[in-house]
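K.L.:
Sharing a structure with you now.
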Amino acid sequence: MGGHTVQSAKAATGLDRVHPARARVTIADVARELGVTKSTVSRALNGYPDIAEATRLRIARAAERLGYRPLSHAQAIRTGQMRSLGLVLQVDDEDSARPFLANFIAGVTQAASAENWTVTIATAPTEKEVRSTLSRLVDERKADGFILPRTLLKDGRVETLRAQGVPFIMFGRTADPRGCAWYDIKGEDAMRAAVTRLAALGHRRIAHIPGGQQYTYSKLRIEGYLEGLEASGLAFDPALIGPVAMNTREGAAATHALLEMEQPPTALVFAVDRAALGAYAAARALGLRIGQEVSVMAYDGVPEGAYADPGLTTFSVNSRQAGERLAHLLIARIRGAAPEDLRELAPATLIERGSDRPPSLTSDALAARLKAKLNSDVQWEEPK
């Protein structure tokens with residue numbers, strides 16, 4: 001009965017018909033097709049720099065046409081590489097749920113796939129566990145190198161990988177650049193441009209609200225802000241560097257603190273969009289309108305900025321392109337390129353909306369208006 005059932009199933013599906021197995025295309029087949037050596041084919045397909053680009057392309061096209069696919073385990077034994085890029089995300093990070101992440105990962109995986117590489121993604125809740133996960137993935141041969149997003153001035157991940165001799169590429173920069181390759185966006189240039197733009201509109205009291213002090217980008221953006229003041233002929237007032245703000249709640253509190261000054265700023269430049277969106281709540285509570293009594297500019301290009309009223313003027317980052325470049329640069333690093341030759345900086349893109357306009361009040365007039373408002377209202381409370 002059982003034998004009959006199996007036989008019937010084979011007959012029904014055609015599995016009783018014997019098909020000759022298709023022979024797997026090998027490097028030797030590709031070499032024979034092109035009249036080159038197997039070594040030339042192997043080195044071309046593995047990206048060795050001693051193979052001319054025209055030859056590499058000709059071999060790659062022939063391999064694709066013939067249907068050649070490398071055996072990953074054999075290749076790993078031969079080259080010592082798994083052809084896998086690693087990405088470990090810290091899930092409790094303030095920026096762990098940033099909207100850029102989906103586009104960023106899509107860029108990394110698409111670029112890796114185009115080179116026939118894979119991507120191993122892991123998460124960890126703390127900086128210590130991120131470092132432990134990096135080491136574990138190396139020990140388990142699950143990644144040949146790593147992309148490190150959101151770099152710190154003193155970055156433990158860099159120290160861990162540098163000590164182990166593991167290739168890595170940073171999305172950002174760090175205080176100690178020894179042995180480091182990176183792709184980064186010039187946030188400092190964006191902050192400089194924001195200040196000079198606001199100064200050209202007529203603002204003379206321009207504040208900066210920084211991001212987390214541990215991040216390299218925060219230091220760079222403060223430097224850009226200072227350069228913008230100097231370029232605009234404006235004196236630096238340390239009081240106009242506001243409290244750190246990474247989210248809307250902190251952004252609202254920082255806005256309120258700055259506007260309570262005896263000489264409040266008429267323009268605010270935020271290091272991150274999410275904090276800038278908090279300025280809208282603070283302005284409403286004080287009876288002010290963004291883009292009129294107070295101007296706001298920021299950096300990141302999060303989608304929510306387009307729906308603020310008025311829309312947030314910001315500098316946008318092409319996260320997908322960043323992911324693609326990081327993947328390509330990391331593969332080059334794994335293949336032996338020197339880290340000093342793999343350092344790229346790209347500009348952010350200004351998105352003009354309605355949050356930055358010429359000031360309708362001077363700093364003194366704004367202070368008088370806010371004083372009258374605060375005297376007539378109940379004490380302001382942070383939004384929950």
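Residues are referred to by chain and number: the chain letter is A, B, ... according to the order shown in the structure tokens, the number counts from 1 in that chain, and ligands are numbered separately from 1 in the order shown.
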Quick one: pick out all strand (DSSP E) residues within stretch 182-282 of chain A from a backbone DSSP run and write them as a PyMOL selection string.
P.N.:
chain A and resi 182-185+206-209+267-270
K.L.:
Just the selected residues (C-alpha atoms), exported as a PDB file, in the first residue's frame, please.
P.N.:
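Writing done, so here's result.pdb:
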ATOM      1  CA  TRP A 182      35.135  55.919   6.347  1.00  0.00           C
ATOM      2  CA  TYR A 183      32.295  57.346   4.349  1.00  0.00           C
ATOM      3  CA  ASP A 184      30.660  60.383   5.917  1.00  0.00           C
ATOM      4  CA  ILE A 185      28.395  63.321   5.150  1.00  0.00           C
ATOM      5  CA  ILE A 206      21.518  82.434  16.046  1.00  0.00           C
ATOM      6  CA  ALA A 207      21.611  79.504  18.497  1.00  0.00           C
ATOM      7  CA  HIS A 208      22.810  75.947  18.019  1.00  0.00           C
ATOM      8  CA  ILE A 209      21.260  72.919  19.739  1.00  0.00           C
ATOM      9  CA  ALA A 267      16.920  81.590  14.884  1.00  0.00           C
ATOM     10  CA  LEU A 268      17.713  78.048  16.019  1.00  0.00           C
ATOM     11  CA  VAL A 269      19.982  75.564  14.234  1.00  0.00           C
ATOM     12  CA  PHE A 270      19.465  71.985  15.429  1.00  0.00           C
TER      13      PHE A 270
END
K.L.:
Can you tell me which residues surround A:Val88 at a distance of at most 12 Å, considering only C-alpha atoms, apart from same-chain residues fewer than 6 positions away, and format the answer as a PDB file with N, CA, C and O atoms, in the first residue's frame?
P.N.:
ATOM      1  N   SER A  96      18.156  54.349  17.234  1.00  0.00           N
ATOM      2  CA  SER A  96      18.019  52.985  16.712  1.00  0.00           C
ATOM      3  C   SER A  96      16.831  52.818  15.783  1.00  0.00           C
ATOM      4  O   SER A  96      16.823  51.943  14.926  1.00  0.00           O
ATOM      5  N   ILE A 105      19.958  50.110   5.017  1.00  0.00           N
ATOM      6  CA  ILE A 105      20.162  48.666   4.895  1.00  0.00           C
ATOM      7  C   ILE A 105      19.907  48.211   3.464  1.00  0.00           C
ATOM      8  O   ILE A 105      20.622  47.352   2.929  1.00  0.00           O
ATOM      9  N   VAL A 119      25.031  39.886   3.565  1.00  0.00           N
ATOM     10  CA  VAL A 119      25.126  40.797   4.708  1.00  0.00           C
ATOM     11  C   VAL A 119      24.568  40.098   5.937  1.00  0.00           C
ATOM     12  O   VAL A 119      23.460  39.561   5.899  1.00  0.00           O
ATOM     13  N   THR A 120      25.333  40.078   7.003  1.00  0.00           N
ATOM     14  CA  THR A 120      24.880  39.529   8.283  1.00  0.00           C
ATOM     15  C   THR A 120      24.549  40.689   9.206  1.00  0.00           C
ATOM     16  O   THR A 120      25.416  41.520   9.500  1.00  0.00           O
ATOM     17  N   ILE A 121      23.287  40.772   9.643  1.00  0.00           N
ATOM     18  CA  ILE A 121      22.832  41.864  10.510  1.00  0.00           C
ATOM     19  C   ILE A 121      22.470  41.306  11.877  1.00  0.00           C
ATOM     20  O   ILE A 121      21.748  40.311  11.986  1.00  0.00           O
ATOM     21  N   ALA A 122      22.982  41.935  12.927  1.00  0.00           N
ATOM     22  CA  ALA A 122      22.674  41.528  14.297  1.00  0.00           C
ATOM     23  C   ALA A 122      22.356  42.772  15.118  1.00  0.00           C
ATOM     24  O   ALA A 122      22.665  43.899  14.710  1.00  0.00           O
ATOM     25  N   THR A 123      21.733  42.566  16.272  1.00  0.00           N
ATOM     26  CA  THR A 123      21.428  43.673  17.180  1.00  0.00           C
ATOM     27  C   THR A 123      21.943  43.336  18.572  1.00  0.00           C
ATOM     28  O   THR A 123      22.113  42.170  18.923  1.00  0.00           O
ATOM     29  N   ALA A 124      22.179  44.370  19.359  1.00  0.00           N
ATOM     30  CA  ALA A 124      22.602  44.203  20.753  1.00  0.00           C
ATOM     31  C   ALA A 124      22.099  45.412  21.538  1.00  0.00           C
ATOM     32  O   ALA A 124      22.001  46.511  20.989  1.00  0.00           O
ATOM     33  N   PRO A 125      21.771  45.240  22.818  1.00  0.00           N
ATOM     34  CA  PRO A 125      21.148  46.328  23.583  1.00  0.00           C
ATOM     35  C   PRO A 125      22.113  47.350  24.170  1.00  0.00           C
ATOM     36  O   PRO A 125      21.704  48.442  24.531  1.00  0.00           O
ATOM     37  N   THR A 126      23.393  47.021  24.299  1.00  0.00           N
ATOM     38  CA  THR A 126      24.352  47.936  24.915  1.00  0.00           C
ATOM     39  C   THR A 126      25.626  47.995  24.098  1.00  0.00           C
ATOM     40  O   THR A 126      25.911  47.113  23.277  1.00  0.00           O
ATOM     41  N   GLU A 127      26.426  49.031  24.357  1.00  0.00           N
ATOM     42  CA  GLU A 127      27.690  49.186  23.646  1.00  0.00           C
ATOM     43  C   GLU A 127      28.623  48.006  23.940  1.00  0.00           C
ATOM     44  O   GLU A 127      29.305  47.499  23.051  1.00  0.00           O
ATOM     45  N   LYS A 128      28.629  47.544  25.189  1.00  0.00           N
ATOM     46  CA  LYS A 128      29.465  46.403  25.556  1.00  0.00           C
ATOM     47  C   LYS A 128      29.058  45.152  24.784  1.00  0.00           C
ATOM     48  O   LYS A 128      29.902  44.397  24.286  1.00  0.00           O
ATOM     49  N   GLU A 129      27.741  44.936  24.666  1.00  0.00           N
ATOM     50  CA  GLU A 129      27.263  43.752  23.956  1.00  0.00           C
ATOM     51  C   GLU A 129      27.434  43.869  22.451  1.00  0.00           C
ATOM     52  O   GLU A 129      27.557  42.863  21.750  1.00  0.00           O
ATOM     53  N   VAL A 130      27.437  45.092  21.933  1.00  0.00           N
ATOM     54  CA  VAL A 130      27.758  45.283  20.515  1.00  0.00           C
ATOM     55  C   VAL A 130      29.176  44.787  20.242  1.00  0.00           C
ATOM     56  O   VAL A 130      29.428  44.043  19.286  1.00  0.00           O
ATOM     57  N   ARG A 131      30.121  45.175  21.106  1.00  0.00           N
ATOM     58  CA  ARG A 131      31.500  44.744  20.936  1.00  0.00           C
ATOM     59  C   ARG A 131      31.626  43.228  21.049  1.00  0.00           C
ATOM     60  O   ARG A 131      32.355  42.593  20.285  1.00  0.00           O
ATOM     61  N   SER A 132      30.894  42.655  21.988  1.00  0.00           N
ATOM     62  CA  SER A 132      30.921  41.200  22.151  1.00  0.00           C
ATOM     63  C   SER A 132      30.363  40.499  20.923  1.00  0.00           C
ATOM     64  O   SER A 132      30.885  39.476  20.470  1.00  0.00           O
ATOM     65  N   THR A 133      29.293  41.076  20.348  1.00  0.00           N
ATOM     66  CA  THR A 133      28.683  40.489  19.152  1.00  0.00           C
ATOM     67  C   THR A 133      29.624  40.568  17.957  1.00  0.00           C
ATOM     68  O   THR A 133      29.722  39.639  17.158  1.00  0.00           O
ATOM     69  N   LEU A 134      30.320  41.685  17.828  1.00  0.00           N
ATOM     70  CA  LEU A 134      31.304  41.811  16.753  1.00  0.00           C
ATOM     71  C   LEU A 134      32.344  40.696  16.849  1.00  0.00           C
ATOM     72  O   LEU A 134      32.658  40.022  15.850  1.00  0.00           O
ATOM     73  N   SER A 135      32.876  40.480  18.043  1.00  0.00           N
ATOM     74  CA  SER A 135      33.887  39.440  18.233  1.00  0.00           C
ATOM     75  C   SER A 135      33.319  38.049  17.970  1.00  0.00           C
ATOM     76  O   SER A 135      33.989  37.193  17.371  1.00  0.00           O
ATOM     77  N   ARG A 136      32.072  37.826  18.388  1.00  0.00           N
ATOM     78  CA  ARG A 136      31.455  36.514  18.172  1.00  0.00           C
ATOM     79  C   ARG A 136      31.281  36.233  16.681  1.00  0.00           C
ATOM     80  O   ARG A 136      31.552  35.111  16.215  1.00  0.00           O
ATOM     81  N   LEU A 137      30.832  37.225  15.924  1.00  0.00           N
ATOM     82  CA  LEU A 137      30.633  37.025  14.489  1.00  0.00           C
ATOM     83  C   LEU A 137      31.958  36.758  13.773  1.00  0.00           C
ATOM     84  O   LEU A 137      32.002  36.009  12.800  1.00  0.00           O
ATOM     85  N   VAL A 138      33.026  37.375  14.278  1.00  0.00           N
ATOM     86  CA  VAL A 138      34.349  37.099  13.718  1.00  0.00           C
ATOM     87  C   VAL A 138      34.754  35.664  14.036  1.00  0.00           C
ATOM     88  O   VAL A 138      35.195  34.912  13.157  1.00  0.00           O
ATOM     89  N   ALA A 143      31.271  36.946   9.271  1.00  0.00           N
ATOM     90  CA  ALA A 143      31.492  38.223   8.596  1.00  0.00           C
ATOM     91  C   ALA A 143      32.989  38.429   8.399  1.00  0.00           C
ATOM     92  O   ALA A 143      33.792  38.090   9.271  1.00  0.00           O
ATOM     93  N   GLY A 145      34.177  41.517   7.611  1.00  0.00           N
ATOM     94  CA  GLY A 145      34.429  42.889   8.015  1.00  0.00           C
ATOM     95  C   GLY A 145      33.114  43.536   8.383  1.00  0.00           C
ATOM     96  O   GLY A 145      32.037  42.964   8.161  1.00  0.00           O
ATOM     97  N   PHE A 146      33.171  44.755   8.926  1.00  0.00           N
ATOM     98  CA  PHE A 146      31.970  45.367   9.489  1.00  0.00           C
ATOM     99  C   PHE A 146      31.791  46.824   9.074  1.00  0.00           C
ATOM    100  O   PHE A 146      32.768  47.565   8.908  1.00  0.00           O
ATOM    101  N   ILE A 147      30.530  47.201   8.941  1.00  0.00           N
ATOM    102  CA  ILE A 147      30.130  48.595   8.784  1.00  0.00           C
ATOM    103  C   ILE A 147      29.752  49.112  10.169  1.00  0.00           C
ATOM    104  O   ILE A 147      28.957  48.481  10.878  1.00  0.00           O
ATOM    105  N   LEU A 148      30.335  50.233  10.565  1.00  0.00           N
ATOM    106  CA  LEU A 148      30.069  50.809  11.883  1.00  0.00           C
ATOM    107  C   LEU A 148      29.319  52.125  11.730  1.00  0.00           C
ATOM    108  O   LEU A 148      29.917  53.156  11.421  1.00  0.00           O
ATOM    109  N   PRO A 149      27.994  52.129  11.931  1.00  0.00           N
ATOM    110  CA  PRO A 149      27.247  53.381  11.821  1.00  0.00           C
ATOM    111  C   PRO A 149      27.334  54.204  13.096  1.00  0.00           C
ATOM    112  O   PRO A 149      27.667  53.702  14.159  1.00  0.00           O
ATOM    113  N   ARG A 150      27.029  55.473  12.971  1.00  0.00           N
ATOM    114  CA  ARG A 150      26.910  56.383  14.123  1.00  0.00           C
ATOM    115  C   ARG A 150      28.138  56.336  15.018  1.00  0.00           C
ATOM    116  O   ARG A 150      28.092  55.944  16.182  1.00  0.00           O
ATOM    117  N   ARG A 157      33.947  50.059  19.426  1.00  0.00           N
ATOM    118  CA  ARG A 157      33.887  49.109  18.309  1.00  0.00           C
ATOM    119  C   ARG A 157      35.154  49.191  17.467  1.00  0.00           C
ATOM    120  O   ARG A 157      35.705  48.170  17.035  1.00  0.00           O
ATOM    121  N   PHE A 168      37.128  47.120   8.748  1.00  0.00           N
ATOM    122  CA  PHE A 168      35.873  47.817   9.042  1.00  0.00           C
ATOM    123  C   PHE A 168      35.841  49.124   8.269  1.00  0.00           C
ATOM    124  O   PHE A 168      36.863  49.643   7.839  1.00  0.00           O
TER     125      PHE A 168
END
K.L.:
With a distance cut-off of 7 Å and only C-alpha atoms, select the neighbouring residues of A:Arg357, excluding the residue or stretch itself and same-chain residues fewer than 3 positions from it, and output the selection as a list in words.
P.N.:
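Within the cut-off, the hits are Leu201, Gly291, Gln292 and Ser295 of chain A.
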K.L.:
Need the shell around stretch 228-243 of chain A: protein/DNA/RNA residues with any atom at most 12 Å away, counting only C-alpha atoms. Skip same-chain ones fewer than 6 positions apart. Format as a PyMOL selection string?
P.N.:
chain A and resi 188-213+218+221-222+249-271+275
K.L.:
With only C-alpha atoms as the counted atoms, please give the residues lying no more than 12 Å from A:Pro303, apart from itself and same-chain residues fewer than 2 positions off, as number ranges by chain.
P.N.:
A: 98-100, 273-274, 277, 299-301, 305-308, 311-317, 351
K.L.:
Near A:Lys373, within 8 Å and counting only C-alpha atoms, which residues show up once chain neighbours fewer than 3 positions away are dropped, as a ChimeraX atom specification?
P.N.:
/A:286-287,369-370,376-377
K.L.:
Could you turn the residues from that selection into a file that holds N, CA and C atoms, as a PDB file, in the first residue's frame?
P.N.:
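Wrote it out as result.pdb, contents follow:
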ATOM      1  N   LEU A 286       4.462  79.270  23.674  1.00  0.00           N
ATOM      2  CA  LEU A 286       4.872  80.651  23.961  1.00  0.00           C
ATOM      3  C   LEU A 286       4.170  81.664  23.059  1.00  0.00           C
ATOM      4  N   GLY A 287       3.239  81.199  22.265  1.00  0.00           N
ATOM      5  CA  GLY A 287       2.505  82.105  21.396  1.00  0.00           C
ATOM      6  C   GLY A 287       3.312  82.595  20.210  1.00  0.00           C
ATOM      7  N   ARG A 369       8.215  90.577  24.199  1.00  0.00           N
ATOM      8  CA  ARG A 369       6.973  89.845  23.917  1.00  0.00           C
ATOM      9  C   ARG A 369       6.877  88.576  24.769  1.00  0.00           C
ATOM     10  N   LEU A 370       7.979  87.861  24.891  1.00  0.00           N
ATOM     11  CA  LEU A 370       7.969  86.631  25.679  1.00  0.00           C
ATOM     12  C   LEU A 370       7.782  86.926  27.164  1.00  0.00           C
ATOM     13  N   SER A 376       1.751  86.587  31.898  1.00  0.00           N
ATOM     14  CA  SER A 376       0.290  86.469  31.841  1.00  0.00           C
ATOM     15  C   SER A 376      -0.190  85.022  31.846  1.00  0.00           C
ATOM     16  N   ASP A 377       0.734  84.089  31.654  1.00  0.00           N
ATOM     17  CA  ASP A 377       0.350  82.677  31.554  1.00  0.00           C
ATOM     18  C   ASP A 377       0.831  81.883  32.758  1.00  0.00           C
TER      19      ASP A 377
END
K.L.:
Counting only C-alpha atoms, which of A:Ala348, A:Ala283, A:Leu288, A:Ile59 gets nearest to A:Gly47?
P.N.:
A:Ile59
K.L.:
Would you return as a short mmCIF file (atom, residue, chain, number, x, y, z; two decimals) with N, CA and C atoms, in the first residue's frame the members of stretch 164-273 of chain A that DSSP assigns to alpha helix (DSSP H) on this structure's backbone?
P.N.:
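Ended up saving to result-v1.cif:
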data_model
loop_
_atom_site.label_atom_id
_atom_site.label_comp_id
_atom_site.auth_asym_id
_atom_site.auth_seq_id
_atom_site.Cartn_x
_atom_site.Cartn_y
_atom_site.Cartn_z
N GLN A 164 41.88 43.34 16.82
CA GLN A 164 41.80 42.00 16.26
C GLN A 164 42.22 41.94 14.79
N GLY A 187 28.46 67.12 7.64
CA GLY A 187 27.51 67.84 8.47
C GLY A 187 28.02 69.19 8.92
N GLU A 188 29.35 69.32 9.07
CA GLU A 188 29.92 70.59 9.47
C GLU A 188 29.69 71.66 8.41
N ASP A 189 29.75 71.25 7.14
CA ASP A 189 29.48 72.19 6.05
C ASP A 189 28.01 72.61 6.05
N ALA A 190 27.14 71.66 6.38
CA ALA A 190 25.71 71.96 6.43
C ALA A 190 25.41 72.98 7.53
N MET A 191 26.02 72.81 8.69
CA MET A 191 25.78 73.75 9.79
C MET A 191 26.33 75.13 9.45
N ARG A 192 27.47 75.17 8.80
CA ARG A 192 28.04 76.45 8.38
C ARG A 192 27.08 77.14 7.41
N ALA A 193 26.56 76.36 6.46
CA ALA A 193 25.64 76.92 5.46
C ALA A 193 24.34 77.38 6.11
N ALA A 194 23.88 76.66 7.14
CA ALA A 194 22.65 77.06 7.83
C ALA A 194 22.82 78.42 8.49
N VAL A 195 23.96 78.61 9.16
CA VAL A 195 24.19 79.88 9.86
C VAL A 195 24.33 81.02 8.86
N THR A 196 25.09 80.82 7.80
CA THR A 196 25.27 81.91 6.83
C THR A 196 23.95 82.23 6.12
N ARG A 197 23.12 81.23 5.92
CA ARG A 197 21.81 81.45 5.29
C ARG A 197 20.92 82.30 6.21
N LEU A 198 20.89 81.93 7.48
CA LEU A 198 20.07 82.68 8.44
C LEU A 198 20.59 84.10 8.64
N ALA A 199 21.91 84.24 8.66
CA ALA A 199 22.50 85.59 8.79
C ALA A 199 22.15 86.44 7.59
N ALA A 200 22.16 85.85 6.40
CA ALA A 200 21.80 86.59 5.20
C ALA A 200 20.33 87.01 5.21
N LEU A 201 19.50 86.26 5.92
CA LEU A 201 18.08 86.64 6.06
C LEU A 201 17.88 87.77 7.05
N THR A 216 30.75 61.83 17.17
CA THR A 216 31.66 62.66 16.39
C THR A 216 30.91 63.73 15.62
N TYR A 217 29.74 63.36 15.07
CA TYR A 217 29.00 64.33 14.25
C TYR A 217 28.65 65.57 15.05
N SER A 218 28.38 65.41 16.36
CA SER A 218 27.99 66.56 17.18
C SER A 218 29.12 67.57 17.28
N LYS A 219 30.33 67.08 17.50
CA LYS A 219 31.50 67.97 17.57
C LYS A 219 31.71 68.67 16.23
N LEU A 220 31.60 67.93 15.13
CA LEU A 220 31.81 68.51 13.82
C LEU A 220 30.76 69.57 13.49
N ARG A 221 29.52 69.32 13.89
CA ARG A 221 28.46 70.29 13.58
C ARG A 221 28.58 71.56 14.41
N ILE A 222 29.07 71.43 15.64
CA ILE A 222 29.35 72.63 16.42
C ILE A 222 30.45 73.45 15.75
N GLU A 223 31.48 72.76 15.27
CA GLU A 223 32.55 73.46 14.56
C GLU A 223 32.02 74.16 13.32
N GLY A 224 31.10 73.53 12.60
CA GLY A 224 30.50 74.16 11.44
C GLY A 224 29.69 75.39 11.81
N TYR A 225 28.97 75.30 12.92
CA TYR A 225 28.20 76.44 13.43
C TYR A 225 29.12 77.62 13.73
N LEU A 226 30.25 77.35 14.38
CA LEU A 226 31.20 78.42 14.72
C LEU A 226 31.80 79.03 13.46
N GLU A 227 32.10 78.19 12.47
CA GLU A 227 32.62 78.70 11.20
C GLU A 227 31.59 79.58 10.51
N GLY A 228 30.33 79.21 10.62
CA GLY A 228 29.26 80.02 10.02
C GLY A 228 29.15 81.39 10.66
N LEU A 229 29.28 81.44 11.98
CA LEU A 229 29.26 82.73 12.67
C LEU A 229 30.41 83.61 12.20
N GLU A 230 31.60 83.02 12.14
CA GLU A 230 32.78 83.79 11.72
C GLU A 230 32.62 84.28 10.29
N ALA A 231 32.14 83.41 9.41
CA ALA A 231 31.97 83.81 8.01
C ALA A 231 30.93 84.91 7.86
N SER A 232 29.98 84.96 8.80
CA SER A 232 28.90 85.97 8.73
C SER A 232 29.23 87.23 9.53
N THR A 248 12.16 64.98 20.32
CA THR A 248 11.25 66.14 20.34
C THR A 248 11.09 66.72 21.75
N ARG A 249 11.04 65.85 22.76
CA ARG A 249 10.89 66.35 24.13
C ARG A 249 12.07 67.20 24.53
N GLU A 250 13.28 66.71 24.25
CA GLU A 250 14.49 67.47 24.58
C GLU A 250 14.61 68.71 23.72
N GLY A 251 14.15 68.62 22.47
CA GLY A 251 14.18 69.78 21.59
C GLY A 251 13.27 70.89 22.07
N ALA A 252 12.09 70.50 22.58
CA ALA A 252 11.16 71.50 23.12
C ALA A 252 11.74 72.18 24.35
N ALA A 253 12.34 71.39 25.24
CA ALA A 253 12.92 71.95 26.45
C ALA A 253 14.09 72.87 26.12
N ALA A 254 14.93 72.48 25.15
CA ALA A 254 16.07 73.32 24.76
C ALA A 254 15.59 74.63 24.15
N THR A 255 14.54 74.56 23.33
CA THR A 255 13.98 75.78 22.72
C THR A 255 13.48 76.73 23.79
N HIS A 256 12.75 76.20 24.74
CA HIS A 256 12.20 77.05 25.80
C HIS A 256 13.32 77.69 26.62
N ALA A 257 14.37 76.91 26.93
CA ALA A 257 15.48 77.45 27.71
C ALA A 257 16.17 78.60 26.98
N LEU A 258 16.37 78.46 25.68
CA LEU A 258 17.04 79.51 24.91
C LEU A 258 16.17 80.76 24.78
N LEU A 259 14.87 80.56 24.60
CA LEU A 259 13.98 81.71 24.43
C LEU A 259 13.72 82.45 25.74
N ASP A 273 17.04 66.61 13.19
CA ASP A 273 15.65 66.97 12.89
C ASP A 273 14.68 66.65 14.03
#
K.L.:
Between A:Ile169, A:Ala175, A:Ala245, A:Leu361, which is the closest to A:Leu85 once you count only C-alpha atoms?
P.N.:
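Result for the nearest residue to A:Leu85: A:Ile169.
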K.L.:
One decimal, Å: what's the distance from atom CA of A:Asp139 over to atom CA of A:Cys180, could you say?
P.N.:
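Atom-to-atom, atom CA of A:Asp139 and atom CA of A:Cys180 are spaced 21.4 Å apart.
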K.L.:
So which one's closest to A:Val166, A:Pro339, A:Pro310, A:Pro359, A:Gly67? Using only C-alpha atoms, please.
P.N.:
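Going through A:Pro339, A:Pro310, A:Pro359, A:Gly67 one by one, the smallest distance to A:Val166 is for A:Pro339.
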K.L.:
Smallest atom-to-atom distance to A:Leu66: which of A:Leu329, A:Val25, A:Ala52, A:Ala337, using only C-alpha atoms?
P.N.:
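Looking at the shortest contact to A:Leu66, the residue is A:Val25.
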K.L.:
Please measure the separation of atom CA of A:Pro167 and atom CA of A:Ala54, giving the value in Å to one decimal.
P.N.:
27.5 Å
